[in-house]
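K.L.:
Structure: structure.txt, compact mmCIF, C-alpha atoms and all ligand atoms.
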# COMPACT_ATOMS: atom_id res chain seq x y z
CA MET A 1320 -69.20 -5.15 16.31
CA PHE A 1321 -66.12 -6.57 18.04
CA SER A 1322 -67.95 -9.74 18.91
CA MET A 1323 -68.69 -10.09 15.18
CA ARG A 1324 -64.94 -10.08 14.50
CA LYS A 1325 -64.47 -13.07 16.78
CA ILE A 1326 -66.87 -15.26 14.86
CA LEU A 1327 -65.80 -14.20 11.35
CA PRO A 1328 -62.87 -16.02 9.71
CA GLY A 1329 -59.66 -14.15 8.69
CA SER A 1330 -60.18 -11.99 5.61
CA LEU A 1331 -63.88 -11.49 6.18
CA ALA A 1332 -63.11 -10.21 9.65
CA ALA A 1333 -60.53 -7.79 8.24
CA LEU A 1334 -63.10 -6.49 5.75
CA ALA A 1335 -65.69 -6.01 8.48
CA LEU A 1336 -63.14 -4.17 10.61
CA ALA A 1337 -62.06 -1.94 7.69
CA SER A 1338 -65.62 -0.86 6.96
CA THR A 1339 -66.48 -0.22 10.61
CA THR A 1340 -63.29 1.85 10.98
CA LEU A 1341 -64.28 4.01 8.00
CA ALA A 1342 -67.79 4.49 9.33
CA ALA A 1343 -66.41 5.39 12.76
CA ASP A 1344 -64.09 8.00 11.21
CA ASN A 1345 -66.96 9.70 9.43
CA SER A 1346 -69.20 9.79 12.44
CA THR A 1347 -66.31 11.00 14.61
CA VAL A 1348 -65.80 14.00 12.32
CA GLU A 1349 -69.54 14.70 12.28
CA TYR A 1350 -69.72 14.44 16.05
CA GLY A 1351 -66.77 16.83 16.31
CA ARG A 1352 -68.50 19.29 14.00
CA TYR A 1353 -71.62 18.99 16.16
CA LEU A 1354 -69.67 19.79 19.34
CA VAL A 1355 -67.85 22.73 17.72
CA GLU A 1356 -70.96 24.22 16.12
CA ASN A 1357 -73.56 23.55 18.81
CA LEU A 1358 -71.80 23.31 22.17
CA GLY A 1359 -68.28 24.71 22.17
CA GLY A 1360 -69.17 28.09 20.73
CA CYS A 1361 -65.74 27.96 19.05
CA SER A 1362 -66.91 29.98 16.05
CA ASP A 1363 -68.18 32.83 18.24
CA CYS A 1364 -64.56 33.68 18.94
CA HIS A 1365 -62.45 31.91 16.30
CA THR A 1366 -64.37 32.76 13.11
CA PRO A 1367 -64.24 36.31 11.74
CA THR A 1368 -67.52 38.21 11.52
CA LEU A 1369 -68.82 39.80 8.31
CA GLU A 1370 -70.11 43.38 8.29
CA ASN A 1371 -73.67 42.02 8.52
CA GLY A 1372 -72.74 40.31 11.80
CA GLN A 1373 -72.81 36.78 10.35
CA PRO A 1374 -69.80 34.43 10.67
CA ASP A 1375 -67.53 34.44 7.61
CA LYS A 1376 -67.88 30.79 6.61
CA THR A 1377 -65.05 31.08 4.10
CA HIS A 1378 -62.72 31.58 7.09
CA LEU A 1379 -64.20 29.06 9.49
CA LEU A 1380 -62.14 28.95 12.73
CA LYS A 1381 -59.27 30.80 11.05
CA GLY A 1382 -58.89 33.24 13.95
CA ALA A 1383 -60.57 36.60 14.49
CA MET A 1384 -60.70 39.91 16.31
CA LEU A 1385 -63.22 39.36 19.09
CA VAL A 1386 -66.47 41.30 18.76
CA PHE A 1387 -66.82 41.79 22.54
CA GLN A 1388 -64.76 42.88 25.54
CA PRO A 1389 -65.18 42.64 29.33
CA ILE A 1390 -67.02 45.37 31.25
CA HIS A 1391 -64.33 45.17 33.97
CA PRO A 1392 -60.66 44.66 33.11
CA ILE A 1393 -59.64 40.98 33.13
CA PRO A 1394 -55.90 40.23 33.40
CA HIS A 1395 -54.32 38.81 30.22
CA TRP A 1396 -57.52 39.29 28.19
CA LYS A 1397 -56.85 38.69 24.49
CA ALA A 1398 -58.55 40.89 21.90
CA ALA A 1399 -58.08 38.28 19.17
CA SER A 1400 -58.23 34.52 18.77
CA PRO A 1401 -55.78 32.41 16.73
CA ASP A 1402 -56.34 30.16 13.73
CA ILE A 1403 -57.18 26.72 15.18
CA THR A 1404 -57.34 24.89 11.84
CA PRO A 1405 -54.28 22.87 10.67
CA THR A 1406 -52.82 26.08 9.16
CA GLY A 1407 -52.60 27.57 12.68
CA PRO A 1408 -49.26 27.97 14.49
CA LYS A 1409 -49.90 25.43 17.26
CA TRP A 1410 -50.48 22.51 14.87
CA GLU A 1411 -46.91 22.56 13.69
CA LYS A 1412 -45.64 22.66 17.24
CA TRP A 1413 -47.93 20.22 19.02
CA GLY A 1414 -49.77 18.26 16.31
CA GLU A 1415 -52.92 16.28 16.78
CA THR A 1416 -51.92 14.72 20.11
CA GLY A 1417 -51.09 18.11 21.56
CA PHE A 1418 -54.47 19.51 20.51
CA VAL A 1419 -56.28 16.57 22.09
CA LYS A 1420 -54.33 17.08 25.32
CA PHE A 1421 -55.09 20.82 25.27
CA LEU A 1422 -58.84 20.18 25.00
CA GLU A 1423 -58.68 17.53 27.75
CA THR A 1424 -56.57 19.46 30.24
CA ALA A 1425 -56.73 23.15 29.14
CA ALA A 1426 -52.91 23.03 28.86
CA TRP A 1427 -50.38 22.25 26.13
CA PRO A 1428 -47.91 19.38 26.65
CA ASP A 1429 -45.39 21.92 28.13
CA GLY A 1430 -48.00 23.12 30.65
CA ASP A 1431 -48.68 26.40 28.84
CA LYS A 1432 -52.31 27.59 29.11
CA ALA A 1433 -54.43 29.87 26.94
CA ASP A 1434 -55.41 33.32 28.18
CA PRO A 1435 -59.02 34.52 28.57
CA PRO A 1436 -61.56 34.51 27.13
CA MET A 1437 -60.53 31.06 25.86
CA PRO A 1438 -62.58 28.71 28.08
CA ALA A 1439 -60.60 26.09 30.05
CA PHE A 1440 -62.14 22.98 28.51
CA HIS A 1441 -61.77 19.66 30.33
CA LEU A 1442 -63.31 17.38 27.73
CA ASN A 1443 -63.23 13.60 27.83
CA ALA A 1444 -60.89 11.87 25.36
CA HIS A 1445 -63.76 10.89 23.07
CA ASP A 1446 -65.02 14.45 22.66
CA ALA A 1447 -61.54 15.99 22.43
CA ARG A 1448 -60.56 13.53 19.67
CA ALA A 1449 -63.79 14.18 17.76
CA ILE A 1450 -63.20 17.96 17.80
CA VAL A 1451 -59.63 17.51 16.62
CA ALA A 1452 -60.78 15.10 13.88
CA TYR A 1453 -63.20 17.78 12.69
CA LEU A 1454 -60.63 20.61 12.91
CA LYS A 1455 -58.31 18.50 10.73
CA THR A 1456 -60.87 18.57 7.90
CA LEU A 1457 -60.75 22.40 7.75
CA LYS A 1458 -58.23 23.73 5.30
C1 LIG A 1501 -65.15 33.12 24.31
C2 LIG A 1501 -64.24 33.04 23.20
C3 LIG A 1501 -63.68 31.69 22.81
C4 LIG A 1501 -64.36 30.51 22.67
C5 LIG A 1501 -65.84 30.23 22.88
C6 LIG A 1501 -63.38 29.53 22.24
N1 LIG A 1501 -62.15 30.10 22.15
FE1 LIG A 1501 -60.41 29.17 21.74
N2 LIG A 1501 -59.39 30.86 22.11
C7 LIG A 1501 -59.93 32.11 22.35
C8 LIG A 1501 -58.87 33.07 22.51
C9 LIG A 1501 -59.05 34.56 22.78
C10 LIG A 1501 -57.66 32.37 22.37
C11 LIG A 1501 -56.25 32.94 22.47
C12 LIG A 1501 -55.74 32.76 23.87
C13 LIG A 1501 -54.28 33.13 24.00
O1 LIG A 1501 -53.72 33.75 23.10
O2 LIG A 1501 -53.68 32.77 25.03
C14 LIG A 1501 -58.03 30.98 22.12
C15 LIG A 1501 -57.12 29.96 21.94
C16 LIG A 1501 -57.45 28.68 21.52
C17 LIG A 1501 -56.51 27.68 21.22
C18 LIG A 1501 -55.01 27.83 21.29
C19 LIG A 1501 -54.53 28.13 19.93
C20 LIG A 1501 -53.19 28.79 19.87
O3 LIG A 1501 -52.66 28.91 18.73
O4 LIG A 1501 -52.68 29.20 20.92
C21 LIG A 1501 -57.20 26.56 20.83
C22 LIG A 1501 -56.64 25.22 20.37
C23 LIG A 1501 -58.59 26.90 20.91
N3 LIG A 1501 -58.70 28.19 21.35
C24 LIG A 1501 -59.60 26.04 20.57
C25 LIG A 1501 -60.94 26.31 20.80
C26 LIG A 1501 -61.99 25.37 20.56
C27 LIG A 1501 -61.81 23.99 19.94
C28 LIG A 1501 -63.14 25.96 20.97
C29 LIG A 1501 -64.52 25.38 21.01
C30 LIG A 1501 -64.65 24.03 21.59
C31 LIG A 1501 -62.79 27.30 21.45
N4 LIG A 1501 -61.44 27.47 21.32
C32 LIG A 1501 -63.69 28.21 21.95
C33 LIG A 1501 -61.27 32.38 22.47
C34 LIG A 1501 -62.29 31.43 22.48
I need this file expressed as structure tokens, please.
Ligand code: HEC
P.N.:
Amino acid sequence: MFSMRKILPGSLAALALASTTLAADNSTVEYGRYLVENLGGCSDCHTPTLENGQPDKTHLLKGAMLVFQPIHPIPHWKAASPDITPTGPKWEKWGETGFVKFLETAAWPDGDKADPPMPAFHLNAHDARAIVAYLKTLK
């Protein structure tokens, strides 16, 4: 698609770029949703569970009491997970860039890390950005 830009004159090129950018945004969000729902297991811990055991989709990734605990004590184990949508506390502090860094390095920009059972993700930039793009769509 970038080679197309080279051969298109001015305004046409801008139009082509604008439409590819939009398409990329959409597919980035969808890819992020795919990673969150099918690979990251984020909802297992970050979405509250209804009495019937199903995830409460009206509170997707809004933080939850965990439904499991370790058989042996694990230091710093957290019994609850925070809201990781844009209404969560860390968004205000670190914003989008901070979230991407956290998913790439398992640490916030100040070096702070999450306690267990939050997995220490070391995602590539592409995947981290896609997840954050998806999280941003959750209100
Ligand atoms: C096995 C359970 C589990 C899974 C799976 C999980 N998390 Fe977590 N996550 C937690 C817990 C518990 C914390 C709180 C850790 C703490 O307080 O230090 C946490 C913390 C976080 C935080 C820090 C938020 C804050 O306010 O401190 C982010 C961001 C996060 N998780 C994102 C994700 C994403 C994105 C996924 C999926 C790709 C995911 N988590 C999967 C349990 C989990």
K.L.:
Name each residue within 6 Å of ligand LIG 1501 (chain A), counting only C-alpha atoms and all ligand atoms, as a list in words.
P.N.:
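Residues lying within 6 Å of ligand LIG 1501 (chain A): Val1355, Gly1359, Gly1360, Cys1361, Asp1363, Cys1364, Lys1397, Ala1399, Ser1400, Pro1401, Ile1403, Pro1408, Lys1409, Ala1433, Asp1434, Pro1435, Pro1436, Met1437 and Pro1438 of chain A.
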K.L.:
Please determine the residues with any atom at most 9 Å from (-56.9, 19.8, 25.3) (coordinates as given in the file, with only C-alpha atoms counting) and report them as a PyMOL selection string.
P.N.:
chain A and resi 1416-1427+1439-1442+1444+1447
K.L.:
Expressed in Å to a single decimal, how great is the separation between CA of Leu1354 (chain A) and CA of Ile1450 (chain A)?
P.N.:
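Rounded to one decimal, the two atoms are 6.9 Å apart.
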K.L.:
What does the distance from CA of Pro1428 (chain A) to CA of Gly1414 (chain A) come to in Å, to one decimal?
P.N.:
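Those two atoms sit 10.6 Å apart.
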K.L.:
Please compute the CA of Leu1457 (chain A)-CA of Leu1379 (chain A) distance, one decimal, in Å.
P.N.:
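CA of Leu1379 (chain A) lies at a distance of 7.7 Å from CA of Leu1457 (chain A).
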K.L.:
Nearest residue to Thr1366 (chain A) out of A:Lys1381, A:Tyr1353, A:Ala1398, A:Ala1452, using all atoms listed in the file?
P.N.:
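Of A:Lys1381, A:Tyr1353, A:Ala1398, A:Ala1452, the one nearest Thr1366 (chain A), counting all atoms listed in the file, is A:Lys1381.
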K.L.:
Give the answer as one residue: which of A:Glu1370, A:Glu1411, A:Met1384, A:Pro1405 has the shortest atom-to-atom distance to Val1451 (chain A), using all atoms listed in the file?
P.N.:
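Among the listed residues, A:Pro1405 lies closest to Val1451 (chain A).
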K.L.:
Which one is closest to Thr1406 (chain A): A:Ala1449, A:Leu1454, A:Leu1385, A:Ile1390? Count all atoms listed in the file.
P.N.:
A:Leu1454
